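File shown here: input37.cif, holding mmCIF, C-alpha atoms.
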data_target
#
loop_
_atom_site.label_atom_id
_atom_site.label_comp_id
_atom_site.auth_asym_id
_atom_site.auth_seq_id
_atom_site.Cartn_x
_atom_site.Cartn_y
_atom_site.Cartn_z
CA MET A 13 -19.06 -9.61 -8.89
CA SER A 14 -16.27 -7.05 -9.18
CA LYS A 15 -12.87 -7.73 -7.73
CA ILE A 16 -10.49 -5.60 -5.74
CA GLY A 17 -7.56 -4.35 -7.82
CA LEU A 18 -4.26 -4.62 -5.94
CA PHE A 19 -1.50 -2.55 -7.55
CA TYR A 20 2.01 -2.85 -6.17
CA GLY A 21 5.59 -1.87 -6.81
CA SER A 22 8.35 -3.94 -5.26
CA GLU A 23 12.11 -4.03 -5.17
CA THR A 24 13.16 -6.68 -2.65
CA GLY A 25 9.99 -8.76 -2.97
CA ASN A 26 8.40 -7.94 0.41
CA THR A 27 5.60 -5.84 -1.08
CA ARG A 28 4.87 -8.47 -3.74
CA LYS A 29 4.90 -11.24 -1.12
CA VAL A 30 2.28 -9.44 0.99
CA ALA A 31 0.25 -8.72 -2.16
CA LYS A 32 0.20 -12.44 -2.95
CA SER A 33 -0.68 -13.16 0.68
CA ILE A 34 -3.65 -10.79 0.46
CA VAL A 35 -4.84 -12.61 -2.67
CA LYS A 36 -4.67 -15.92 -0.78
CA LYS A 37 -6.41 -14.50 2.29
CA LEU A 38 -9.27 -12.85 0.38
CA GLY A 39 -9.35 -15.31 -2.52
CA GLU A 40 -8.40 -15.15 -6.20
CA ASP A 41 -12.05 -14.54 -7.02
CA ALA A 42 -11.92 -11.39 -4.86
CA VAL A 43 -8.56 -9.80 -5.75
CA GLU A 44 -6.74 -9.22 -9.04
CA LEU A 45 -3.02 -8.51 -8.72
CA PHE A 46 -1.05 -6.01 -10.83
CA ASN A 47 2.61 -5.07 -10.79
CA VAL A 48 2.56 -1.36 -11.71
CA THR A 49 5.24 -2.01 -14.33
CA LYS A 50 2.51 -3.67 -16.39
CA ALA A 51 -0.55 -1.69 -15.25
CA THR A 52 -2.63 0.61 -17.44
CA PRO A 53 -5.30 3.21 -16.70
CA ASP A 54 -7.87 0.73 -18.04
CA ASP A 55 -6.79 -1.72 -15.33
CA PHE A 56 -7.71 0.83 -12.64
CA ALA A 57 -11.01 1.64 -14.36
CA LYS A 58 -12.23 -1.95 -13.84
CA PHE A 59 -12.35 -1.67 -10.05
CA SER A 60 -14.41 0.24 -7.52
CA SER A 61 -12.08 -0.96 -4.74
CA ILE A 62 -8.31 -0.62 -5.03
CA ILE A 63 -5.32 -1.42 -2.83
CA LEU A 64 -2.07 0.44 -3.55
CA ALA A 65 1.24 -0.90 -2.20
CA THR A 66 4.81 0.36 -2.13
CA PRO A 67 8.01 0.15 -0.15
CA THR A 68 9.78 3.37 0.83
CA LEU A 69 13.22 3.86 -0.70
CA GLY A 70 15.96 6.46 -0.64
CA ASP A 71 14.89 9.68 1.03
CA GLY A 72 11.27 8.63 1.57
CA GLU A 73 10.67 7.94 -2.11
CA LEU A 74 8.54 5.57 -4.15
CA VAL A 75 10.14 2.46 -5.58
CA ASP A 76 11.32 2.90 -9.21
CA SER A 77 8.36 1.01 -10.71
CA TRP A 78 5.91 3.42 -9.02
CA LYS A 79 8.07 6.43 -9.97
CA GLU A 80 7.91 5.41 -13.62
CA PHE A 81 4.16 4.76 -13.50
CA PHE A 82 3.31 7.77 -11.34
CA PRO A 83 2.72 10.32 -14.14
CA THR A 84 0.19 7.90 -15.63
CA PHE A 85 -1.32 7.19 -12.22
CA GLU A 86 -1.84 10.89 -11.52
CA GLY A 87 -3.99 11.12 -14.65
CA ILE A 88 -6.42 8.39 -13.58
CA ASP A 89 -9.83 9.48 -12.30
CA LEU A 90 -10.50 7.69 -9.03
CA THR A 91 -13.78 9.45 -8.27
CA GLY A 92 -16.18 7.04 -6.60
CA LYS A 93 -13.45 4.48 -5.91
CA THR A 94 -12.37 3.25 -2.49
CA VAL A 95 -8.60 3.06 -2.00
CA ALA A 96 -6.55 1.44 0.76
CA ILE A 97 -2.77 1.60 1.01
CA TYR A 98 -0.03 -0.47 2.58
CA GLY A 99 3.68 0.14 2.58
CA PHE A 100 7.02 -1.02 3.85
CA GLY A 101 9.74 0.85 5.67
CA ASP A 102 12.66 0.31 8.00
CA GLN A 103 12.12 1.88 11.43
CA ASP A 104 15.70 1.35 12.56
CA ALA A 105 17.78 2.55 9.60
CA TYR A 106 15.20 5.00 8.21
CA GLY A 107 13.13 5.91 11.24
CA HIS A 108 13.20 9.55 10.17
CA GLU A 109 11.20 8.75 7.01
CA PHE A 110 9.40 5.57 7.97
CA CYS A 111 6.95 4.48 5.26
CA ASP A 112 6.97 7.99 3.74
CA ALA A 113 6.19 6.67 0.24
CA MET A 114 2.63 5.86 1.38
CA ILE A 115 1.85 9.57 1.67
CA ILE A 116 2.76 10.08 -1.99
CA LEU A 117 0.19 7.49 -3.09
CA TYR A 118 -2.32 8.78 -0.52
CA ASN A 119 -2.07 12.40 -1.67
CA ALA A 120 -2.32 11.46 -5.33
CA ALA A 121 -5.31 9.12 -4.86
CA LYS A 122 -7.09 11.69 -2.71
CA ALA A 123 -6.46 14.45 -5.29
CA GLN A 124 -7.88 12.14 -7.96
CA GLY A 125 -11.16 11.78 -6.09
CA ALA A 126 -10.71 8.50 -4.21
CA THR A 127 -12.21 7.76 -0.82
CA ILE A 128 -9.26 6.62 1.29
CA ILE A 129 -9.72 3.96 3.96
CA GLY A 130 -7.41 1.76 5.99
CA SER A 131 -5.60 4.13 8.32
CA TRP A 132 -3.49 2.29 10.88
CA GLY A 133 -2.38 3.13 14.41
CA THR A 134 1.20 3.94 15.31
CA ASP A 135 1.32 1.85 18.50
CA GLY A 136 3.94 -0.90 18.39
CA TYR A 137 6.30 0.99 16.08
CA GLU A 138 9.55 2.76 16.98
CA PHE A 139 10.32 5.53 14.49
CA THR A 140 11.16 9.21 14.84
CA LYS A 141 9.17 10.69 11.97
CA SER A 142 6.84 9.71 9.13
CA LYS A 143 5.08 11.88 6.57
CA ALA A 144 2.61 8.99 6.29
CA VAL A 145 1.17 9.80 9.72
CA VAL A 146 -1.92 12.01 9.38
CA ASP A 147 -4.09 12.86 12.39
CA GLY A 148 -2.06 10.48 14.56
CA LYS A 149 -2.39 7.42 12.31
CA PHE A 150 -0.59 6.01 9.31
CA VAL A 151 -2.54 6.63 6.07
CA GLY A 152 -2.38 2.88 5.48
CA LEU A 153 -0.90 -0.30 6.89
CA ALA A 154 2.76 0.24 7.83
CA LEU A 155 4.98 -2.85 7.66
CA ASP A 156 8.64 -3.40 8.52
CA ASN A 157 10.11 -6.75 7.54
CA ASP A 158 13.61 -5.58 8.49
CA ASN A 159 12.80 -5.14 12.18
CA GLN A 160 9.33 -6.58 12.83
CA LYS A 161 8.88 -9.39 10.30
CA GLU A 162 7.14 -11.51 12.93
CA GLU A 163 4.37 -8.86 13.10
CA THR A 164 3.60 -8.73 9.36
CA ASP A 165 1.09 -11.57 8.99
CA GLU A 166 -0.93 -10.55 12.05
CA ARG A 167 -0.94 -6.90 11.01
CA VAL A 168 -2.11 -7.81 7.51
CA ASP A 169 -4.86 -10.03 8.93
CA ASP A 170 -6.01 -7.33 11.35
CA TRP A 171 -5.92 -4.62 8.66
CA LEU A 172 -7.88 -6.77 6.20
CA GLY A 173 -10.39 -7.60 8.94
CA GLU A 174 -10.89 -3.93 9.72
CA ASN A 175 -11.29 -2.93 6.08
CA LYS A 176 -12.79 -5.93 4.28
CA SER A 177 -16.35 -4.59 4.41
CA ALA A 178 -15.21 -1.22 3.02
CA LEU A 179 -13.42 -2.95 0.13
CA PRO A 180 -16.30 -4.84 -1.40
CA ALA A 181 -15.22 -7.32 -4.00
#
Starting from the file, give its structure as structure tokens.
Amino acid sequence: MSKIGLFYGSETGNTRKVAKSIVKKLGEDAVELFNVTKATPDDFAKFSSIILATPTLGDGELVDSWKEFFPTFEGIDLTGKTVAIYGFGDQDAYGHEFCDAMIILYNAAKAQGATIIGSWGTDGYEFTKSKAVVDGKFVGLALDNDNQKEETDERVDDWLGENKSALPA
């Protein structure tokens, strides 16, 4: 049985914490966890189902670990692979670029041939603008532990429930 590869970058630990939570929820036999600081193209090649995770920093940018890995990531063929994305943002302080880093991973994975799943509705969020909203939905699960931490576990559970069958392990 193949596992789901979950590749994350984290700065404050929120993205890593949710990654570890996903491993617990789906099971260690179903998900293999990778910090992108230690990931290789061969790691991606092992999986037909992949979850990508990042917080949004600065002016809607990827976290440094993803920035450093990104040139390598852009060279990986994701044809035939299913990719889901989740990301963190701060609706209050950065509501004008809420979870923008997700669109960077989304655009790259799509350009590399991946089938993207896991879009997420915008209801229940209060932000002014997000590049990660395409056709009225976020391109992945949007999380905000600065302003809606109490929503995180339920959102993760709901998102996994909606996408578990499309991310076969």
Close residues, segment 43-58 of chain A itself excluded, 9 Å, all atoms listed in the file, min 6 positions apart in chain, as a list in words: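 The residues that qualify are Ser14, Lys15, Ile16, Gly17, Leu18, Phe19, Tyr20, Gly21, Ser22, Arg28, Ala31, Lys32, Ile34, Val35, Lys36, Ser77, Trp78, Glu80, Phe81, Thr84, Phe85, Gly87, Ile88, Asp89, Leu90 and Ala181 of chain A.
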Translate the PyMOL selection byres ((chain A and resi 130-135) around 8) into a concrete residue list for this structure, as a compact mmCIF listing (two decimals) with C-alpha atoms, in the frame of the given file.
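Now in out.txt:
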# COMPACT_ATOMS: atom_id res chain seq x y z
CA ALA A 96 -6.55 1.44 0.76
CA ILE A 97 -2.77 1.60 1.01
CA ILE A 128 -9.26 6.62 1.29
CA ILE A 129 -9.72 3.96 3.96
CA GLY A 136 3.94 -0.90 18.39
CA TYR A 137 6.30 0.99 16.08
CA GLY A 148 -2.06 10.48 14.56
CA LYS A 149 -2.39 7.42 12.31
CA PHE A 150 -0.59 6.01 9.31
CA VAL A 151 -2.54 6.63 6.07
CA GLY A 152 -2.38 2.88 5.48
CA LEU A 153 -0.90 -0.30 6.89
CA ALA A 154 2.76 0.24 7.83
CA TRP A 171 -5.92 -4.62 8.66
CA GLU A 174 -10.89 -3.93 9.72
CA ASN A 175 -11.29 -2.93 6.08
Chain and number of each residue from the PyMOL selection byres ((chain A and resi 125) around 8), as a PyMOL selection string: chain A and resi 89-93+121-124+126-127
Given 4 Å on each side, where is the centre and what are the edge lengths in Å to one decimal of the axis-aligned box enclosing the listed atoms of segment 110-124 of chain A, as AutoDock Vina command-line options?
--center_x 0.8 --center_y 9.5 --center_z 0.0 --size_x 25.3 --size_y 18.0 --size_z 23.9
Evaluate the PyMOL selection byres ((chain A and resi 138) around 8) and report residues as a PyMOL selection string: chain A and resi 103-104+107+136-137+139-140
Selection: 10 Å around Ser33 of chain A, all atoms listed in the file, excl. self and same-chain fewer than 6 positions, as a VMD selection string: chain A and resid 27 39 165 168 to 169
Pick from A:Lys29, A:Val95, A:Tyr106, A:Glu23, whichever lies nearest to Leu74 of chain A using only C-alpha atoms: A:Glu23
Coordinates-based distance that separates atom CA of Gly99 of chain A from atom CA of Leu64 of chain A (Å, one decimal): 8.4 Å
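Between atom CA of Ser61 of chain A and atom CA of Phe82 of chain A lies a distance of 18.9 Å.
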Residue among A:Leu117, A:Leu172, A:Cys111, A:Ala178 lying closest to Lys143 of chain A, counting only C-alpha atoms: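 Closest to Lys143 of chain A, using only C-alpha atoms: A:Cys111.
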Interatomic distance (Å, one decimal) between atom CA of Ser142 of chain A and atom CA of Ala65 of chain A: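 Interatomic distance, atom CA of Ser142 of chain A to atom CA of Ala65 of chain A: 16.5 Å.
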Top pick for closest residue to Leu69 of chain A, considering A:Val145, A:Ala120, A:Val30, A:Met114 and counting only C-alpha atoms: A:Met114
Residue among A:Asp156, A:Glu163, A:Asp170, A:Glu40 lying closest to Phe110 of chain A, counting all atoms listed in the file: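 Closest candidate: A:Asp156.
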Given all atoms listed in the file as the counted atoms, nearest of A:Asp158, A:Glu166, A:Asp76, A:Glu86 to Ala113 of chain A: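 For Ala113 of chain A, the nearest of the given residues is A:Asp76.
Shortest atom-to-atom contact with Val146 of chain A among A:Arg167, A:Phe100, A:Asn159, A:Ile115: A:Ile115, counting only C-alpha atoms.
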